[in-house]
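Participant: Coordinates in run-v3.cif, mmCIF, C-alpha atoms and all ligand atoms, are listed below.
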```cif
data_query
loop_
_atom_site.label_atom_id
_atom_site.label_comp_id
_atom_site.auth_asym_id
_atom_site.auth_seq_id
_atom_site.Cartn_x
_atom_site.Cartn_y
_atom_site.Cartn_z
CA MET T 1 32.77 -54.20 1.37
CA MET T 2 35.25 -55.44 -1.19
CA GLY T 3 37.80 -56.80 1.24
CA GLN T 4 41.15 -55.15 1.63
CA PHE T 5 40.91 -52.75 -1.31
CA ASP T 6 38.16 -50.42 -2.33
CA TYR T 7 38.67 -50.75 -6.07
CA GLN T 8 36.16 -48.08 -6.86
CA LEU T 9 38.06 -45.62 -4.70
CA ILE T 10 41.41 -46.53 -6.25
CA LYS T 11 39.93 -46.20 -9.72
CA ARG T 12 38.44 -42.84 -8.82
CA GLU T 13 41.78 -41.67 -7.51
CA LEU T 14 43.50 -42.76 -10.70
CA VAL T 15 40.96 -40.87 -12.77
CA MET T 16 41.49 -37.83 -10.54
CA LYS T 17 45.23 -38.07 -11.08
CA GLU T 18 44.71 -38.00 -14.78
CA HIS T 19 42.23 -35.19 -14.58
CA GLN T 20 43.27 -32.72 -11.96
CA LYS T 21 41.13 -29.68 -11.52
CA LYS T 22 42.97 -26.41 -11.19
CA GLN T 23 42.83 -25.30 -7.59
CA GLU T 24 44.70 -22.06 -7.88
CA ILE T 25 45.95 -19.74 -10.58
CA ALA T 26 49.49 -21.10 -10.34
CA ASP T 27 48.08 -24.49 -11.46
CA LEU T 28 47.36 -23.09 -14.91
CA ALA T 29 49.83 -24.33 -17.51
CA LEU T 30 50.31 -20.74 -18.62
CA PHE T 31 51.92 -20.06 -15.23
CA GLY T 32 53.93 -23.26 -14.98
CA GLY T 33 51.30 -25.84 -13.96
CA GLU T 34 50.76 -29.15 -15.68
CA LYS T 35 48.90 -29.09 -18.99
CA ALA T 36 45.26 -30.15 -18.62
CA CYS T 37 45.44 -32.20 -21.83
CA ARG T 38 48.29 -34.50 -22.67
CA GLU T 39 47.17 -34.70 -26.29
CA PRO T 40 46.32 -31.40 -27.96
CA LEU T 41 42.67 -30.69 -28.75
CA TYR T 42 41.98 -28.92 -32.02
CA VAL T 43 39.08 -27.21 -33.68
CA GLY T 44 38.23 -28.89 -36.96
CA ARG T 45 39.72 -32.37 -36.71
CA PRO T 46 38.12 -34.31 -39.54
CA ASN T 47 35.09 -36.53 -39.08
CA ILE T 48 36.09 -39.81 -40.68
CA GLY T 49 33.64 -42.52 -41.68
CA ASP T 50 34.28 -46.24 -42.14
CA LYS T 51 37.97 -46.63 -42.98
CA GLU T 52 37.65 -50.18 -44.32
CA ILE T 53 34.89 -49.27 -46.73
CA PHE T 54 36.81 -46.21 -47.90
CA LEU T 55 39.96 -48.27 -48.53
CA LYS T 56 37.94 -50.83 -50.52
CA ARG T 57 36.64 -48.01 -52.67
CA MET T 58 40.19 -46.69 -53.14
CA GLU T 59 41.31 -50.12 -54.26
CA ASP T 60 38.48 -50.26 -56.73
CA ILE T 61 39.39 -46.82 -58.11
CA LEU T 62 43.02 -47.86 -58.59
CA ASP T 63 42.05 -51.20 -60.15
CA ARG T 64 39.72 -49.57 -62.63
CA LYS T 65 42.34 -46.90 -63.39
CA TRP T 66 39.74 -44.17 -63.62
CA LEU T 67 40.82 -41.38 -61.31
CA THR T 68 38.81 -38.31 -62.19
CA ASN T 69 36.79 -36.94 -65.17
CA ASP T 70 33.22 -38.29 -65.20
CA GLY T 71 34.07 -41.10 -62.81
CA ILE T 72 31.39 -43.33 -61.33
CA TYR T 73 32.12 -42.26 -57.75
CA ILE T 74 31.69 -38.60 -58.66
CA ALA T 75 28.36 -39.34 -60.35
CA GLU T 76 27.23 -41.40 -57.35
CA PHE T 77 28.31 -38.74 -54.85
CA GLU T 78 26.42 -36.07 -56.81
CA ARG T 79 23.31 -38.27 -56.98
CA GLN T 80 23.38 -38.95 -53.25
CA LEU T 81 23.96 -35.29 -52.42
CA ALA T 82 21.04 -34.15 -54.57
CA THR T 83 18.76 -36.78 -52.99
CA LYS T 84 19.81 -35.87 -49.48
CA LEU T 85 19.30 -32.14 -50.07
CA GLY T 86 16.12 -32.46 -52.11
CA VAL T 87 17.60 -30.37 -54.90
CA LYS T 88 17.56 -31.05 -58.64
CA HIS T 89 21.27 -30.61 -59.32
CA CYS T 90 24.40 -30.97 -57.29
CA VAL T 91 27.66 -30.49 -59.18
CA ALA T 92 30.75 -31.67 -57.32
CA MET T 93 33.86 -29.50 -57.47
CA SER T 94 37.49 -29.54 -56.38
CA ASN T 95 36.80 -27.27 -53.40
CA GLY T 96 34.32 -24.75 -52.05
CA THR T 97 36.30 -21.70 -53.16
CA VAL T 98 36.42 -22.73 -56.82
CA ALA T 99 32.73 -23.65 -56.55
CA LEU T 100 31.99 -20.11 -55.31
CA GLU T 101 34.04 -18.60 -58.14
CA ILE T 102 32.28 -20.71 -60.74
CA ALA T 103 28.81 -20.12 -59.30
CA SER T 104 29.21 -16.34 -59.10
CA ARG T 105 30.69 -16.23 -62.60
CA ALA T 106 28.01 -18.45 -64.09
CA LEU T 107 25.37 -16.22 -62.50
CA GLY T 108 26.87 -13.24 -64.33
CA MET T 109 27.93 -11.37 -61.21
CA THR T 110 30.09 -8.36 -62.10
CA GLY T 111 30.75 -4.86 -60.69
CA GLU T 112 29.78 -5.02 -57.03
CA VAL T 113 28.46 -7.91 -54.99
CA ILE T 114 27.31 -7.50 -51.40
CA VAL T 115 28.73 -10.00 -48.95
CA PRO T 116 29.13 -10.08 -45.16
CA SER T 117 32.61 -9.30 -43.86
CA PHE T 118 32.08 -11.74 -41.01
CA THR T 119 32.92 -14.91 -42.91
CA PHE T 120 35.87 -16.98 -44.02
CA ILE T 121 38.10 -15.04 -46.40
CA ALA T 122 37.20 -17.30 -49.35
CA THR T 123 33.77 -15.64 -49.64
CA PRO T 124 35.06 -12.19 -50.72
CA HIS T 125 38.15 -13.69 -52.40
CA CYS T 126 35.99 -15.62 -54.89
CA LEU T 127 34.71 -12.26 -56.13
CA PHE T 128 37.87 -10.18 -55.97
CA TRP T 129 39.76 -12.93 -57.80
CA GLN T 130 37.48 -12.30 -60.77
CA GLY T 131 37.67 -8.51 -60.67
CA ILE T 132 34.35 -8.15 -58.85
CA ASN T 133 34.27 -5.78 -55.87
CA PRO T 134 33.01 -7.36 -52.67
CA VAL T 135 31.01 -4.73 -50.79
CA PHE T 136 30.89 -5.65 -47.12
CA CYS T 137 27.62 -5.61 -45.23
CA ASP T 138 27.17 -5.95 -41.48
CA ILE T 139 25.57 -8.85 -39.64
CA CYS T 140 22.71 -9.39 -37.21
CA PRO T 141 24.14 -9.84 -33.72
CA GLU T 142 21.82 -12.77 -32.89
CA THR T 143 22.52 -14.97 -35.90
CA TYR T 144 25.90 -13.68 -37.17
CA THR T 145 24.42 -13.66 -40.69
CA ALA T 146 23.97 -10.82 -43.19
CA ASP T 147 21.73 -8.00 -41.96
CA PRO T 148 19.09 -7.29 -44.63
CA ALA T 149 18.91 -3.60 -43.64
CA SER T 150 22.66 -3.25 -44.07
CA ILE T 151 22.48 -4.91 -47.50
CA GLU T 152 19.77 -2.54 -48.74
CA LYS T 153 21.86 0.51 -47.84
CA LEU T 154 24.77 -0.73 -49.95
CA ILE T 155 22.94 -1.34 -53.22
CA THR T 156 24.16 0.88 -56.06
CA PRO T 157 23.60 0.83 -59.83
CA ARG T 158 26.73 -1.34 -60.06
CA THR T 159 25.41 -4.04 -57.70
CA THR T 160 24.70 -7.33 -59.44
CA GLY T 161 24.31 -9.77 -56.60
CA ILE T 162 24.33 -10.81 -52.97
CA ILE T 163 26.19 -13.68 -51.35
CA GLY T 164 24.64 -14.69 -48.03
CA VAL T 165 26.65 -16.93 -45.71
CA HIS T 166 25.01 -19.54 -43.47
CA LEU T 167 27.72 -19.04 -40.88
CA TRP T 168 28.23 -21.90 -38.42
CA GLY T 169 25.07 -23.47 -39.74
CA GLN T 170 23.05 -20.40 -38.72
CA ILE T 171 20.78 -19.82 -41.67
CA CYS T 172 20.54 -16.39 -43.29
CA ASN T 173 17.26 -14.56 -43.30
CA ILE T 174 16.55 -16.19 -46.66
CA GLN T 175 13.08 -14.76 -47.00
CA GLN T 176 14.23 -11.16 -46.69
CA LEU T 177 17.31 -11.68 -48.86
CA GLU T 178 15.11 -13.17 -51.58
CA ASN T 179 12.78 -10.18 -51.35
CA ILE T 180 15.68 -7.72 -51.69
CA ALA T 181 17.16 -9.66 -54.60
CA ARG T 182 13.81 -9.76 -56.41
CA ARG T 183 13.08 -6.05 -55.87
CA HIS T 184 16.49 -4.96 -57.15
CA ASN T 185 16.91 -7.68 -59.78
CA LEU T 186 20.02 -9.11 -58.13
CA ARG T 187 21.44 -12.63 -58.28
CA LEU T 188 21.34 -14.41 -54.92
CA LEU T 189 24.00 -16.96 -54.00
CA PHE T 190 24.48 -18.66 -50.65
CA ASP T 191 27.80 -19.72 -49.22
CA ALA T 192 26.60 -22.84 -47.42
CA ALA T 193 30.08 -24.11 -46.55
CA HIS T 194 28.98 -24.57 -42.92
CA ALA T 195 25.43 -25.65 -43.53
CA PHE T 196 25.48 -29.09 -45.06
CA GLY T 197 22.70 -31.05 -43.37
CA CYS T 198 20.96 -27.96 -41.97
CA SER T 199 17.39 -26.92 -42.71
CA TYR T 200 15.41 -23.68 -43.09
CA ASN T 201 11.69 -23.91 -42.29
CA GLY T 202 12.12 -27.65 -42.49
CA GLN T 203 13.62 -27.63 -45.99
CA MET T 204 17.23 -28.68 -46.44
CA ILE T 205 19.74 -26.00 -47.33
CA GLY T 206 20.76 -26.47 -50.98
CA SER T 207 17.79 -25.24 -52.98
CA PHE T 208 17.55 -21.60 -51.92
CA GLY T 209 18.49 -18.53 -53.93
CA ASP T 210 19.88 -19.02 -57.43
CA ALA T 211 22.37 -21.54 -56.07
CA GLU T 212 24.04 -22.66 -52.86
CA VAL T 213 27.67 -23.65 -52.48
CA PHE T 214 29.03 -26.30 -50.11
CA SER T 215 32.55 -27.05 -48.98
CA PHE T 216 33.70 -30.56 -48.16
CA HIS T 217 37.07 -29.47 -46.85
CA ALA T 218 38.63 -31.70 -44.17
CA THR T 219 37.50 -29.35 -41.39
CA LYS T 220 33.88 -29.19 -42.49
CA PHE T 221 31.01 -31.34 -41.23
CA LEU T 222 31.14 -33.60 -44.28
CA ASN T 223 34.55 -34.06 -45.84
CA SER T 224 35.95 -35.35 -49.11
CA PHE T 225 39.55 -34.34 -48.19
CA GLU T 226 39.15 -31.25 -50.38
CA GLY T 227 35.90 -30.71 -52.21
CA GLY T 228 32.81 -28.64 -52.77
CA ALA T 229 29.57 -28.55 -54.70
CA ILE T 230 27.11 -26.20 -56.33
CA ALA T 231 23.48 -27.05 -55.64
CA THR T 232 20.68 -25.54 -57.69
CA ASN T 233 17.22 -26.21 -59.09
CA ASN T 234 18.08 -24.18 -62.21
CA ASP T 235 18.72 -26.57 -65.16
CA LEU T 236 20.55 -24.01 -67.29
CA LEU T 237 22.79 -22.89 -64.44
CA ALA T 238 23.64 -26.50 -63.57
CA GLU T 239 24.58 -27.18 -67.19
CA LYS T 240 26.72 -24.05 -67.30
CA VAL T 241 28.67 -24.72 -64.10
CA ARG T 242 29.21 -28.32 -65.20
CA LEU T 243 30.92 -27.08 -68.36
CA MET T 244 32.78 -24.30 -66.56
CA LYS T 245 34.39 -26.68 -64.09
CA ASN T 246 35.80 -28.65 -67.04
CA PHE T 247 37.52 -25.85 -69.02
CA GLY T 248 34.31 -25.07 -70.90
CA PHE T 249 34.44 -28.27 -72.95
CA VAL T 250 31.11 -28.79 -74.67
CA GLY T 251 32.35 -31.72 -76.77
CA VAL T 252 35.49 -33.83 -77.12
CA ASP T 253 37.46 -31.19 -79.04
CA ASP T 254 35.02 -28.38 -78.65
CA VAL T 255 35.33 -25.57 -76.11
CA GLY T 256 32.25 -23.38 -75.73
CA TYR T 257 33.51 -20.66 -73.45
CA ALA T 258 36.02 -19.75 -70.76
CA GLY T 259 36.23 -22.34 -68.04
CA THR T 260 38.58 -23.50 -65.36
CA ASN T 261 39.53 -26.77 -63.73
CA GLY T 262 37.19 -27.27 -60.81
CA LYS T 263 36.76 -31.03 -61.08
CA MET T 264 36.45 -33.27 -58.06
CA SER T 265 38.57 -36.44 -58.22
CA GLU T 266 37.38 -40.02 -57.68
CA PRO T 267 39.21 -40.51 -54.34
CA SER T 268 37.55 -37.35 -53.04
CA ALA T 269 34.14 -38.54 -54.21
CA ALA T 270 34.75 -41.93 -52.55
CA MET T 271 35.60 -40.14 -49.31
CA GLY T 272 32.50 -37.98 -49.71
CA ILE T 273 30.25 -41.04 -50.17
CA THR T 274 31.87 -42.74 -47.18
CA SER T 275 31.36 -39.60 -45.07
CA LEU T 276 27.71 -39.39 -46.13
CA GLU T 277 27.15 -42.94 -44.87
CA SER T 278 28.29 -41.86 -41.39
CA MET T 279 26.53 -38.52 -41.43
CA ASP T 280 23.93 -39.47 -38.82
CA GLU T 281 26.65 -40.57 -36.40
CA PHE T 282 28.56 -37.32 -36.96
CA VAL T 283 25.43 -35.33 -36.13
CA GLU T 284 24.75 -37.47 -33.08
CA THR T 285 28.29 -36.96 -31.72
CA ASN T 286 28.24 -33.23 -32.43
CA ARG T 287 24.83 -32.89 -30.81
CA LYS T 288 25.91 -34.81 -27.74
CA ASN T 289 28.99 -32.58 -27.47
CA TYR T 290 26.86 -29.48 -27.89
CA LEU T 291 24.44 -30.56 -25.15
CA GLN T 292 27.35 -31.23 -22.79
CA TYR T 293 28.91 -27.85 -23.51
CA ASN T 294 25.53 -26.22 -23.05
CA LYS T 295 25.05 -27.88 -19.66
CA LEU T 296 28.55 -27.19 -18.34
CA LEU T 297 28.80 -23.59 -19.55
CA SER T 298 25.27 -22.49 -18.74
CA GLY T 299 26.14 -21.17 -15.28
CA VAL T 300 29.35 -19.40 -16.26
CA PRO T 301 28.80 -15.63 -16.14
CA GLY T 302 29.55 -13.74 -19.35
CA ILE T 303 29.78 -16.87 -21.52
CA LYS T 304 27.01 -17.29 -24.05
CA LEU T 305 26.89 -20.43 -26.16
CA LEU T 306 25.55 -20.24 -29.70
CA ILE T 307 22.19 -22.02 -29.47
CA TYR T 308 21.00 -24.32 -32.24
CA ASN T 309 17.35 -24.01 -33.15
CA GLN T 310 15.75 -27.31 -32.10
CA GLN T 311 12.93 -26.80 -34.62
CA GLU T 312 15.38 -27.19 -37.49
CA THR T 313 17.80 -29.89 -38.57
CA SER T 314 21.40 -28.93 -37.79
CA ASN T 315 24.85 -30.45 -38.10
CA TYR T 316 25.98 -28.99 -34.74
CA GLN T 317 29.46 -28.70 -36.24
CA TYR T 318 30.52 -25.53 -34.42
CA ILE T 319 30.67 -24.78 -30.72
CA ILE T 320 30.78 -21.01 -30.51
CA ILE T 321 30.92 -18.96 -27.36
CA GLU T 322 30.49 -15.22 -27.10
CA ILE T 323 32.44 -13.64 -24.27
CA ASP T 324 31.10 -10.58 -22.51
CA SER T 325 34.31 -9.34 -20.89
CA ASP T 326 32.38 -6.91 -18.67
CA LYS T 327 31.13 -10.00 -16.88
CA THR T 328 34.11 -12.34 -17.28
CA ASN T 329 36.65 -9.64 -16.37
CA ILE T 330 38.98 -11.26 -18.87
CA ASP T 331 38.86 -10.82 -22.62
CA ARG T 332 38.48 -13.38 -25.38
CA ASP T 333 42.13 -13.32 -26.38
CA ASP T 334 43.38 -14.01 -22.86
CA ILE T 335 40.94 -16.89 -22.47
CA ALA T 336 42.37 -18.29 -25.72
CA ARG T 337 45.91 -17.86 -24.30
CA VAL T 338 45.00 -19.72 -21.11
CA LEU T 339 43.44 -22.59 -23.06
CA GLN T 340 46.22 -22.98 -25.61
CA ALA T 341 48.78 -23.33 -22.82
CA GLU T 342 46.66 -26.28 -21.61
CA ASN T 343 46.92 -27.83 -25.10
CA ILE T 344 43.44 -26.69 -26.11
CA PHE T 345 43.71 -24.89 -29.43
CA VAL T 346 40.57 -22.84 -29.76
CA ARG T 347 40.05 -20.56 -32.80
CA ARG T 348 39.02 -16.92 -33.08
CA TYR T 349 36.76 -17.43 -36.12
CA PHE T 350 36.44 -15.03 -37.99
CA TYR T 351 38.73 -12.49 -36.50
CA PRO T 352 39.40 -9.74 -37.48
CA GLY T 353 36.72 -9.70 -40.20
CA CYS T 354 37.52 -9.80 -43.92
CA HIS T 355 37.41 -6.00 -44.22
CA ASN T 356 40.46 -5.83 -41.93
CA GLN T 357 42.47 -8.20 -44.13
CA GLU T 358 44.35 -7.45 -47.33
CA PRO T 359 43.60 -6.54 -49.99
CA TYR T 360 40.31 -5.28 -48.57
CA SER T 361 41.71 -3.18 -45.73
CA SER T 362 43.68 -1.12 -48.28
CA TYR T 363 40.83 -0.88 -50.76
CA PHE T 364 38.18 -0.09 -48.18
CA PRO T 365 39.97 1.64 -45.28
CA TYR T 366 36.69 3.09 -43.98
CA ALA T 367 34.69 -0.14 -44.10
CA LYS T 368 35.09 -0.68 -40.36
CA HIS T 369 32.98 2.41 -39.67
CA LEU T 370 30.08 0.82 -41.50
CA LEU T 371 30.41 -2.52 -39.76
CA PRO T 372 29.96 -1.95 -36.02
CA ILE T 373 28.47 -5.38 -35.27
CA THR T 374 31.16 -7.22 -37.22
CA GLU T 375 33.84 -5.23 -35.42
CA GLU T 376 32.34 -6.03 -32.05
CA VAL T 377 31.45 -9.67 -32.57
CA SER T 378 34.79 -10.58 -34.14
CA LYS T 379 36.50 -9.53 -30.92
CA LYS T 380 34.39 -11.65 -28.60
CA VAL T 381 33.64 -15.02 -30.18
CA LEU T 382 35.63 -18.18 -29.74
CA CYS T 383 35.27 -21.52 -31.46
CA LEU T 384 35.77 -24.56 -29.19
CA PRO T 385 36.86 -28.10 -30.10
CA THR T 386 34.15 -30.59 -31.02
CA GLY T 387 33.56 -33.40 -33.50
CA THR T 388 34.18 -37.12 -33.42
CA SER T 389 37.73 -36.82 -32.07
CA ILE T 390 36.64 -34.96 -28.91
CA GLY T 391 35.40 -37.00 -25.96
CA GLU T 392 33.22 -36.28 -22.96
CA ALA T 393 36.24 -35.93 -20.63
CA ASP T 394 37.82 -33.41 -23.02
CA ILE T 395 34.73 -31.22 -22.98
CA THR T 396 34.58 -31.39 -19.20
CA LYS T 397 38.18 -30.15 -19.05
CA VAL T 398 37.57 -27.32 -21.52
CA CYS T 399 34.48 -26.16 -19.62
CA GLU T 400 36.10 -26.42 -16.20
CA LEU T 401 39.04 -24.40 -17.43
CA ILE T 402 36.77 -21.74 -18.88
CA ALA T 403 34.77 -21.59 -15.64
CA PHE T 404 37.96 -21.40 -13.56
CA THR T 405 39.42 -18.70 -15.81
CA VAL T 406 36.27 -16.62 -15.62
CA ALA T 407 36.01 -17.08 -11.84
CA ASN T 408 39.51 -15.61 -11.57
CA GLY T 409 39.24 -13.43 -14.63
CA LYS T 410 40.67 -10.22 -13.32
CA GLU T 411 43.74 -11.72 -11.70
CA ILE T 412 44.55 -14.09 -14.59
CA GLY T 413 44.08 -11.36 -17.17
CA SER T 414 46.41 -9.03 -15.30
CA LYS T 415 49.19 -11.62 -15.43
CA ILE T 416 49.05 -12.22 -19.21
CA SER T 417 51.13 -10.25 -21.67
CA PRO T 418 49.11 -8.98 -24.63
CA GLU T 419 52.19 -9.80 -26.73
CA LEU T 420 51.77 -13.53 -26.17
CA PRO T 421 50.86 -14.90 -29.61
CA ILE T 422 47.70 -16.88 -30.16
CA LEU T 423 48.65 -19.97 -32.09
CA SER T 424 46.77 -21.72 -34.78
CA HIS T 425 47.21 -25.24 -35.96
CA VAL T 426 46.28 -26.36 -39.40
CA VAL T 427 44.91 -29.87 -39.18
C1 LIG C 501 35.66 -23.37 -45.85
C2 LIG C 501 34.90 -22.23 -46.34
C3 LIG C 501 34.93 -21.83 -47.69
C4 LIG C 501 35.89 -22.41 -48.68
O1 LIG C 501 35.79 -23.77 -48.89
P1 LIG C 501 37.09 -24.60 -49.34
O2 LIG C 501 36.50 -25.93 -49.68
O3 LIG C 501 38.02 -24.64 -48.18
O4 LIG C 501 37.69 -23.92 -50.52
C5 LIG C 501 34.11 -20.81 -48.10
N1 LIG C 501 33.31 -20.17 -47.23
C6 LIG C 501 33.26 -20.49 -45.92
C7 LIG C 501 32.33 -19.74 -45.02
C8 LIG C 501 34.09 -21.51 -45.44
O5 LIG C 501 34.08 -21.78 -44.13
#
```
Mind turning the file's structure into structure tokens?
Ligand SMILES: *Cc1c(COP(=O)(O)O)cnc(C)c1O
Facilitator:
Amino acid sequence: MMGQFDYQLIKRELVMKEHQKKQEIADLALFGGEKACREPLYVGRPNIGDKEIFLKRMEDILDRKWLTNDGIYIAEFERQLATKLGVKHCVAMSNGTVALEIASRALGMTGEVIVPSFTFIATPHCLFWQGINPVFCDICPETYTADPASIEKLITPRTTGIIGVHLWGQICNIQQLENIARRHNLRLLFDAAHAFGCSYNGQMIGSFGDAEVFSFHATKFLNSFEGGAIATNNDLLAEKVRLMKNFGFVGVDDVGYAGTNGKMSEPSAAMGITSLESMDEFVETNRKNYLQYNKLLSGVPGIKLLIYNQQETSNYQYIIIEIDSDKTNIDRDDIARVLQAENIFVRRYFYPGCHNQEPYSSYFPYAKHLLPITEEVSKKVLCLPTGTSIGEADITKVCELIAFTVANGKEIGSKISPELPILSHVV
């Protein structure tokens, strides 16, 4: 006994006060109850490495008055990236979208290029922006990546390439895509924006296809504020994209061909290097979060968590659930509405599929009939908060809320107006 007060009990009660489980539907914030989270939880808060070290690097950059072109931080970042990925060349760029534009252009893609619709809009935009037609293929329901059979059906005499997307760190069927590309003499590019630090058959993503493109945007696993890179083992291609990202300058006053400005800056490279140094901790946190989500959601009917292959290296950057509303009795959108009222801002990545967004929905009004899996999956997946800014207690709250919502799915769903907007926060 601890005398007059049982401190453990008092402490437990205080914790309970802070974290009150919903007992009945009226306790949900959507219906007037208290919000489960005082501070909002977001998907994609940045993973930030050692602040002190980054600020020292910033000071050095300012003191040396060398902010961008051919800076030492950029060279160092590129060297470290190439080493980490086991690839010959890694060319840093201003962002992933410009890197995709430059890579597809340098590879000579024209006419039609086959790309999954179930991806971030930048993947088809990088093509359309250059007058290349993105032709949307469907995905495999298990991996959410391009379906090789769907790709084969879409090849025409105008097809020049394929862009596979390693969505959420789920790796494309590289073997089959390489076979298709070889048989039809097509260029093969991978959008690896989600797959930094992931492996395929034990080999790091970065050296597959003709080239692979990374994004180091603030929301991605590894961030350089804004940034991206093209990774390739092809010497000529590396040389070409290096010139292209710097207006095509081949010498001081000598421009060799059309280029753009895709240069990464020194502060971005310094942030990238600093992020790389903390990469193992980011993975550890993400993995811990993933295991907790997996444990807490495993018994919830109709909720399937995207499983990371334990045989491969992964960054565990995305917590994705697939909602089978036949079993939950409440659909994905209403679950999102319940959670956002509690201050939990989940995302419906990548709803509604690129083919349903302009300009593609006008150009290809019938695409949806060719993309049944994309249509279906984009209506039932939800991306949950994770990363270094999400704690164990947060995940417990998110999972308890999901379990509670599903347990009362029918009744909750019937009380929600389909007009209620689903918010998004840019972080
Ligand atoms: C983020 C992202 C991009 C674009 O990268 P940015 O660096 O934001 O330009 C491209 N493809 C996918 C799949 C992405 O998620």
Participant: What is the CA of Ile114 in chain T-CA of Ile139 in chain T distance in Å, reported with one decimal?
Facilitator: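 CA of Ile139 in chain T lies at a distance of 12.0 Å from CA of Ile114 in chain T.
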Participant: When the cut-off is 9 Å and you count only C-alpha atoms and all ligand atoms, which residues lie near ligand LIG 501 (chain C), shown as a PyMOL selection string?
Facilitator: chain T and resi 93-100+118-124+126+165-168+191-194+213-220+226-229
Participant: So how far away is CA of Thr274 in chain T from CA of Met58 in chain T, in Å?
Facilitator: 11.0 Å
Participant: In Å to one decimal, how far is CA of Gln175 in chain T from CA of Lys153 in chain T?
Facilitator: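 Going from CA of Lys153 in chain T over to CA of Gln175 in chain T covers 17.6 Å.
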Participant: Find the residues around Tyr144 in chain T up to 12 Å (only C-alpha atoms counted), leave out those fewer than 2 positions away in its own chain, and share them as a PyMOL selection string.
Facilitator: chain T and resi 116-119+137-142+146-148+164-173+306-307+320+322+349-350+353+373-378+381
Participant: So that I can check the surroundings of Asn185 in chain T, please list as a list in words every protein, DNA and RNA residue that reaches within 9 Å of it, counting all atoms listed in the file and ignoring chain neighbours fewer than 4 positions away.
Facilitator: Thr160, Gly161, Ile180 and Ala181 of chain T
Participant: Using only C-alpha atoms, which of T:Ile321, T:Leu339, T:Thr388, T:Asn179 sits nearest Val283 in chain T?
Facilitator: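 For Val283 in chain T, the nearest of the candidates is T:Thr388.
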Participant: Excluding range 287-301 of chain T and residues on its chain fewer than 5 positions from it, collect all residues at most 9 Å away from it, counting all atoms listed in the file, and give them as a PyMOL selection string.
Facilitator: chain T and resi 282+306-308+314-319+324+327-328+386-387+390-392+395-396+398-400+402-403+406-407
Participant: Which residue out of T:Asn356, T:Gly409, T:Ala211, T:Glu342 has the minimum interatomic distance to Lys397 in chain T when all atoms listed in the file are used?
Facilitator: T:Glu342
Participant: Restricting the calculation to only C-alpha atoms: of T:Lys84, T:Lys240, T:Lys65, T:His369, which residue gets closest to Ser199 in chain T?
Facilitator: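 Selected residue with least distance to Ser199 in chain T: T:Lys84.
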Participant: Tell me, as a PyMOL selection string, which residues lie within 12 Å of Arg242 in chain T, counting all atoms listed in the file; anything in the same chain fewer than 5 positions away does not count.
Facilitator: chain T and resi 69-70+78+89-93+99+102-103+106+229-232+235-237+247-250+259-264
Participant: Would you list the contacts of Lys22 in chain T as number ranges by chain, taking every protein, DNA or RNA residue within 8 Å and counting all atoms listed in the file, but skipping same-chain residues closer than 6 positions in sequence?
Facilitator: T: 28, 401, 404
Participant: Determine the nearest neighbour of Ala393 in chain T from the options T:Leu370, T:Ala36, T:Leu67, T:Cys354, counting all atoms listed in the file.
Facilitator: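 Ranked by minimum distance to Ala393 in chain T, first place goes to T:Ala36.
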